[in-house]
Every structure is written in C-alpha cells, then in structure tokens.
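K.L.:
Structure file coords_28.txt (compact mmCIF, C-alpha atoms) is given on the next line.
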```
# COMPACT_ATOMS: atom_id res chain seq x y z
CA LEU A 342 96.71 112.47 98.28
CA TYR A 343 97.58 112.96 94.62
CA GLY A 344 99.91 109.96 94.81
CA CYS A 345 96.89 107.86 95.84
CA LEU A 346 95.02 109.00 92.73
CA VAL A 347 98.00 108.05 90.57
CA ALA A 348 98.27 104.65 92.22
CA ARG A 349 94.57 104.04 91.48
CA GLY A 350 95.01 105.04 87.84
CA GLU A 351 92.96 108.21 88.26
CA GLY A 352 95.81 110.68 87.85
CA LEU A 353 99.30 111.14 86.46
CA TYR A 354 102.29 113.43 86.86
CA THR A 355 103.17 115.99 84.25
CA ALA A 356 106.92 115.83 84.89
CA PHE A 357 109.42 113.67 86.78
CA ILE A 358 112.59 115.41 88.02
CA SER A 359 115.72 113.23 88.10
CA TYR A 360 118.82 114.58 89.85
CA ARG A 361 121.94 113.72 91.83
CA VAL A 362 121.42 114.74 95.44
CA ALA A 363 125.05 115.73 96.00
CA SER A 364 125.08 118.27 93.18
CA GLU A 365 121.53 119.22 92.12
CA LYS A 366 119.22 118.95 95.11
CA PHE A 367 118.76 122.72 95.33
CA HIS A 368 118.22 123.08 91.57
CA ALA A 369 115.68 120.24 91.69
CA ALA A 370 113.81 121.87 94.58
CA LEU A 371 113.75 125.23 92.79
CA LEU A 372 112.53 123.64 89.55
CA TYR A 373 109.76 121.91 91.49
CA GLU A 374 108.65 125.17 93.11
CA VAL A 375 108.67 127.00 89.77
CA LEU A 376 106.71 124.36 87.85
CA ASN A 377 104.39 122.59 90.29
CA ASN A 378 100.77 123.76 90.31
CA THR A 379 101.28 126.12 87.39
CA ILE A 380 98.75 126.18 84.56
CA THR A 381 99.65 125.55 80.91
CA PRO A 382 98.34 127.80 78.10
CA ALA A 383 95.80 125.04 77.38
CA GLY A 384 94.53 125.24 80.95
CA HIS A 385 96.10 122.04 82.32
CA ARG A 386 97.47 121.96 85.86
CA VAL A 387 101.14 120.94 86.08
CA ILE A 388 101.84 118.27 88.71
CA VAL A 389 105.54 117.50 89.27
CA TYR A 390 107.09 114.39 90.81
CA LEU A 391 110.11 115.13 93.00
CA ASP A 392 111.02 112.31 95.39
CA VAL A 393 111.48 114.47 98.49
CA LYS A 394 108.05 116.02 97.91
CA ARG A 395 106.10 112.92 96.87
CA LEU A 396 107.50 109.98 98.84
CA VAL A 397 105.29 109.08 101.77
CA LYS A 398 107.06 108.54 105.10
CA GLY A 399 108.00 104.89 105.36
CA GLN A 400 107.37 104.21 101.66
CA ASP A 401 109.97 102.16 99.83
CA TRP A 402 112.10 104.44 97.64
CA GLU A 403 111.94 102.20 94.59
CA GLN A 404 108.19 101.77 94.90
CA GLY A 405 107.73 105.54 94.98
CA PHE A 406 110.21 106.06 92.16
CA CYS A 407 108.36 103.44 90.10
CA LEU A 408 105.01 105.13 90.73
CA GLY A 409 106.45 108.49 89.72
CA LEU A 410 108.36 107.59 86.58
CA LEU A 411 105.86 105.14 85.11
CA ASN A 412 103.08 107.69 85.55
CA SER A 413 104.82 110.85 84.29
CA LEU A 414 104.46 112.37 80.83
CA VAL A 415 107.88 114.04 80.72
CA ALA A 416 111.15 113.10 82.43
CA MET A 417 113.48 115.98 83.30
CA PRO A 418 117.01 114.79 84.17
CA LEU A 419 119.31 117.51 85.52
CA LEU A 420 122.80 117.32 84.01
CA SER A 421 125.82 119.05 85.53
CA ARG A 422 129.50 118.32 86.03
CA GLY A 423 128.66 117.01 89.49
CA MET A 424 126.11 114.63 88.00
CA LEU A 425 128.49 113.43 85.25
CA GLU A 426 131.71 112.92 87.21
CA PRO A 427 130.62 109.68 88.96
CA LEU A 428 129.61 108.27 85.57
CA ALA A 429 133.11 108.98 84.25
CA GLY A 430 134.40 106.70 86.99
CA LEU A 431 132.47 103.70 85.68
CA GLY A 432 134.58 101.31 83.65
CA GLY A 433 131.99 98.94 82.25
CA GLU A 434 133.23 96.22 84.61
CA GLU A 435 131.38 93.86 86.92
CA SER A 436 132.97 95.72 89.83
CA ASP A 437 131.25 99.00 88.88
CA PRO A 438 129.05 100.38 91.67
CA GLN A 439 125.38 100.82 90.87
CA ASP A 440 124.61 104.43 89.98
CA ASN A 441 121.01 105.42 90.73
CA VAL A 442 121.04 108.49 88.48
CA LEU A 443 122.25 106.44 85.52
CA LYS A 444 119.62 103.85 86.41
CA GLU A 445 116.86 106.46 86.19
CA ILE A 446 118.14 107.72 82.84
CA LEU A 447 118.42 104.22 81.35
CA ILE A 448 114.89 103.40 82.52
CA MET A 449 113.54 106.60 80.96
CA GLN A 450 115.20 105.74 77.66
CA ALA A 451 113.97 102.14 77.79
CA LEU A 452 110.39 103.32 78.42
CA LEU A 453 110.55 105.46 75.29
CA ASP A 454 112.01 102.54 73.33
CA CYS A 455 108.85 100.58 74.18
CA GLU A 456 106.76 102.78 71.87
CA GLY A 457 103.82 103.32 74.18
CA SER A 458 103.85 100.00 76.05
CA GLY A 459 106.09 101.17 78.89
CA GLY A 460 104.00 103.45 81.05
CA LYS A 461 102.86 106.98 80.25
CA LEU A 462 106.24 108.60 79.51
CA ARG A 463 106.24 110.48 76.20
CA SER A 464 109.47 112.47 76.18
CA ILE A 465 112.72 113.34 77.95
CA TYR A 466 113.60 117.01 78.43
CA PRO A 467 117.10 117.41 79.94
CA VAL A 468 118.03 120.48 81.98
CA LEU A 469 121.70 121.45 81.64
CA VAL A 470 123.21 123.12 84.69
CA GLY A 471 126.44 125.10 84.24
CA ALA A 472 129.00 125.77 86.96
CA PRO A 473 128.13 128.64 89.35
CA HIS A 474 130.12 131.86 89.04
CA PRO A 475 132.27 132.69 92.09
CA ALA A 476 130.79 135.24 94.48
CA ASP A 477 133.31 137.90 93.37
CA ALA A 478 132.79 137.31 89.62
CA PRO A 479 130.73 139.65 87.39
CA GLY A 480 128.33 136.83 86.51
CA TYR A 481 127.41 136.00 90.12
CA PRO A 482 124.88 134.61 91.11
CA PHE A 483 124.19 133.13 87.66
CA THR A 484 125.57 129.84 86.41
CA GLY A 485 127.96 129.57 83.50
CA ASN A 486 127.66 128.16 80.01
CA PHE A 487 127.42 124.36 80.39
CA PHE A 488 129.33 123.76 77.15
CA ALA A 489 132.00 126.42 77.72
CA ASP A 490 132.76 126.36 81.44
CA GLY A 491 134.02 122.79 81.64
CA SER A 492 130.79 121.25 82.92
CA ALA A 493 130.60 118.88 79.94
CA ALA A 494 134.24 117.74 80.25
CA PRO A 495 133.42 114.35 81.90
CA VAL A 496 131.44 113.32 78.83
CA ARG A 497 134.71 112.69 76.96
CA ARG A 498 135.72 110.16 79.62
CA LEU A 499 132.54 108.08 79.60
CA VAL A 500 133.12 104.47 78.55
CA ASP A 501 131.31 103.05 75.55
CA LYS A 502 130.44 99.97 77.58
CA VAL A 503 127.45 98.78 79.55
CA SER A 504 127.77 99.24 83.32
CA PHE A 505 126.69 95.78 84.47
CA SER A 506 125.41 96.43 87.98
CA THR A 507 123.34 99.44 86.95
CA MET A 508 121.96 97.76 83.84
CA GLY A 509 121.10 94.69 85.91
CA ALA A 510 119.01 96.91 88.18
CA VAL A 511 117.35 98.45 85.12
CA ALA A 512 116.47 95.00 83.71
CA SER A 513 115.06 93.95 87.09
CA PHE A 514 112.94 97.11 87.32
CA LEU A 515 111.50 96.66 83.83
CA GLN A 516 110.71 92.99 84.41
CA LYS A 517 109.14 93.65 87.81
CA ASN A 518 106.83 96.25 86.28
CA GLY A 519 105.91 94.22 83.22
CA VAL A 520 107.68 96.47 80.73
CA ALA A 521 108.83 94.68 77.58
CA CYS A 522 111.42 96.72 75.69
CA PRO A 523 113.81 95.93 72.80
CA ALA A 524 116.99 94.04 73.66
CA SER A 525 118.94 97.09 72.47
CA SER A 526 117.63 99.02 75.50
CA LEU A 527 119.65 96.73 77.74
CA ARG A 528 122.81 97.19 75.67
CA ARG A 529 122.98 100.99 75.94
CA SER A 530 126.44 102.02 77.09
CA VAL A 531 127.23 104.68 79.67
CA ALA A 532 128.50 107.02 76.95
CA GLN A 533 125.54 106.41 74.65
CA SER A 534 122.99 107.04 77.38
CA ILE A 535 124.35 110.55 77.93
CA LYS A 536 124.95 111.29 74.25
CA ASP A 537 121.32 110.39 73.59
CA LEU A 538 120.27 113.07 76.09
CA PHE A 539 122.28 115.70 74.22
CA ALA A 540 120.53 114.67 70.99
CA VAL A 541 117.13 115.93 72.15
CA GLN A 542 115.80 119.40 72.90
CA ALA A 543 116.95 120.64 76.29
CA ALA A 544 116.87 123.68 78.56
CA GLN A 545 120.13 125.37 79.56
CA LEU A 546 120.08 127.13 82.90
CA TRP A 547 123.21 129.10 82.15
CA SER A 548 121.36 131.16 79.55
CA HIS A 549 118.94 132.73 82.02
CA ALA A 550 121.37 135.55 82.81
CA ASP A 551 120.56 136.93 79.35
CA LEU A 552 116.80 137.12 79.93
CA THR A 553 115.11 140.49 79.65
CA PRO A 554 112.89 141.75 82.49
CA GLU A 555 109.90 140.94 80.26
CA ASP A 556 111.03 137.30 79.97
CA VAL A 557 111.33 137.00 83.72
```
Can you turn what I pasted into structure tokens?

P.N.:
Amino acid sequence: LYGCLVARGEGLYTAFISYRVASEKFHAALLYEVLNNTITPAGHRVIVYLDVKRLVKGQDWEQGFCLGLLNSLVAMPLLSRGMLEPLAGLGGEESDPQDNVLKEILIMQALLDCEGSGGKLRSIYPVLVGAPHPADAPGYPFTGNFFADGSAAPVRRLVDKVSFSTMGAVASFLQKNGVACPASSLRRSVAQSIKDLFAVQAAQLWSHADLTPEDV
C-alpha cells in the first residue's frame, strides 16, 4: 500500500537498505525491524525500504529497486568482509561480472552528484559490520571491530579502475530514469566507490558490545 503512495508521488521512504544477500541478509532484516515504523524526535514516522519487505509478488526487481532508491532520503549500504570480497575479485576488465551491490552503491553516489536533480536522496549512511565472534569466544554473540578484525582487508585489493559491466548497468539505469549526472560519476573506480563510503559518517555495529544498559 505504501509503495503505491510512493509511486503516485504522495509518499517517500526514509531509508533504503542496501546489502549483499549472501553475507548481510540477517543484518538487513534486523535493521529493518529496528528502524521501520519508529518515530523520530521531531515526530516523523520512519519508513524503510528493504527489497524483501517492499517488492510486490511478480514485480520486476529493478522496477522495485528504482522506486525504492529514487524515493528514499537516506541510503544505508551494509559493508562487511563478505560484501567486499566479491569486489576485490573485479579487475576493471570487460570480462568482469556485473555486481548488483556495487551497482547500488554507484547509483547512490551518482544521485548525490546530481545536486538535487537525481531523485530524493540526500545522504549515504554506511553501516559497517565486523566479523562475528566464535561461539566459544568471550565476545560472543557480538561482532568484532570492523577495522581491527580483518573485515576491511579486501579494501586494499580493490582496483582503481572502472568495472565496465557494472558501470554500464549504472549508466543505463540513470538514463532510463532521466537522471543527468556529471561525467565523473560514470568514471568512479571500484576502489574509489568504497573509499568514498569510508569518508562519510557511518555506524559501526561492532561497537554495540560497549553500550550501557541505558543506551540499549
């Protein structure tokens, strides 16, 4: 129902959760449950777009993704070692496979480059997910420090080249939806796309083990 309001221009999503199914589907689902339908201090209802919750049965994935991302105020990509490893396998060659998570990130960044002419997106707020502690470790069931437990290691192996197949899909998406962005948006390398995410304010899930009962 809410998706119908968005499609008619009568509503929008507060946040869009981007994640890799193989490594973050449970984190994404938990984040959705924690945030969706909450109320901000200013009294605004938070409406979250998560594909498995918002896609209508039979709806084209890209159509639903387009509706969600173009009509969200904040994009929340989940970053973990599992999300980054496939990106480290891209070589910036024509033979690179298309990576849908990278595609989503590049589109988010291109929308922000458009300075207000590329949908309703206003910011990107990454969520860093550290590696889980083993069941017999003192830190279980919390996750580790993203920057200290090796989760960020793949970043050093990312190529400073454009991944052609993924960027081609990005260009097609922007053109199809009438989004005109700077040429530099279509020259963003794999490495630069991730480095740009680390340059903005982010949340780090590994730190929640240090929360006091009052914080929880």

K.L.:
Considering only C-alpha atoms, tabulate each residue of range 429-541 of chain A that lies at most 6 Å from range 416-420 of chain A along with its nearest interatomic pair and the corresponding distance in Å to one decimal; arrange the rows by chain and ascending residue number and present them as JSON lines.

P.N.:
```
{"residue": "A:Ile465", "atom": "CA", "partner": "A:Ala416", "partner_atom": "CA", "distance": 4.8}
{"residue": "A:Tyr466", "atom": "CA", "partner": "A:Met417", "partner_atom": "CA", "distance": 5.0}
{"residue": "A:Pro467", "atom": "CA", "partner": "A:Pro418", "partner_atom": "CA", "distance": 5.0}
{"residue": "A:Val468", "atom": "CA", "partner": "A:Leu419", "partner_atom": "CA", "distance": 4.8}
{"residue": "A:Leu469", "atom": "CA", "partner": "A:Leu420", "partner_atom": "CA", "distance": 4.9}
{"residue": "A:Val470", "atom": "CA", "partner": "A:Leu420", "partner_atom": "CA", "distance": 5.9}
```

K.L.:
Distance CA of Val389 in chain A-CA of Gly519 in chain A, one decimal place?

P.N.:
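For CA of Val389 in chain A relative to CA of Gly519 in chain A, the distance reads 24.1 Å.
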
K.L.:
Within 6 Å of range 507-518 of chain A, which residues of range 365-474 of chain A come that close, and what is the closest atom pair and distance in Å for each? Count all atoms listed in the file and give it as CSV.

P.N.:
```
residue,atom,partner,partner_atom,distance
A:Gln439,CA,A:Thr507,CA,4.6
A:Asp440,CA,A:Thr507,CA,6.0
A:Lys444,CA,A:Thr507,CA,5.8
```

K.L.:
Given the point (127.6, 128.0, 77.8) in the file's coordinates, find the residues that have an atom at most 10 Å from it, counting only C-alpha atoms, and give them as number ranges by chain.

P.N.:
A: 469-472, 484-493, 545-548

K.L.:
Neighbouring residues of Lys461 in chain A were defined as those with any atom within 9 Å, considering all atoms listed in the file; residues of the same chain fewer than 3 positions away were excluded. Please report them as a short mmCIF file (atom, residue, chain, number, x, y, z; two decimals) with C-alpha atoms, keeping the file's coordinate frame.

P.N.:
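Here's the written file around.cif:
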```
data_model
loop_
_atom_site.label_atom_id
_atom_site.label_comp_id
_atom_site.auth_asym_id
_atom_site.auth_seq_id
_atom_site.Cartn_x
_atom_site.Cartn_y
_atom_site.Cartn_z
CA LEU A 353 99.30 111.14 86.46
CA LEU A 410 108.36 107.59 86.58
CA LEU A 411 105.86 105.14 85.11
CA ASN A 412 103.08 107.69 85.55
CA SER A 413 104.82 110.85 84.29
CA LEU A 414 104.46 112.37 80.83
CA VAL A 415 107.88 114.04 80.72
CA LEU A 452 110.39 103.32 78.42
CA GLY A 457 103.82 103.32 74.18
CA SER A 458 103.85 100.00 76.05
#
```

K.L.:
Find, counting only C-alpha atoms, the residue in A:Val531, A:Val541, A:Val500, A:Ala369 that gets nearest to Ser421 in chain A.

P.N.:
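When distances to Ser421 in chain A are compared using only C-alpha atoms, the smallest one comes from A:Ala369.
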
K.L.:
Work out how far CA of Pro523 in chain A is from CA of Glu426 in chain A, in Å to one decimal.

P.N.:
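Rounded to one decimal, the two atoms are 28.6 Å apart.
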
K.L.:
Quick one: everything within 10 Å of Ala363 in chain A, counting all atoms listed in the file, minus sequence neighbours fewer than 3 positions away in the same chain. Send it as a PyMOL selection string.

P.N.:
chain A and resi 360+366-367+423-424

K.L.:
Provide the CA of Ile446 in chain A to CA of Ser364 in chain A distance in Å, to one decimal place.

P.N.:
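Separation between CA of Ile446 in chain A and CA of Ser364 in chain A: 16.3 Å.
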
K.L.:
Using all atoms listed in the file for the distances, tell me which of A:Ser525, A:Val503, A:Ala544, A:Ile535 is nearest to Glu434 in chain A.

P.N.:
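Checking each candidate against Glu434 in chain A, we get A:Val503 as the closest.
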
K.L.:
Tell me which of A:Val362, A:Arg529, A:Trp402, A:Thr355 sits closest to His385 in chain A, counting all atoms listed in the file.

P.N.:
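Of A:Val362, A:Arg529, A:Trp402, A:Thr355, the one nearest His385 in chain A is A:Thr355, counting all atoms listed in the file.
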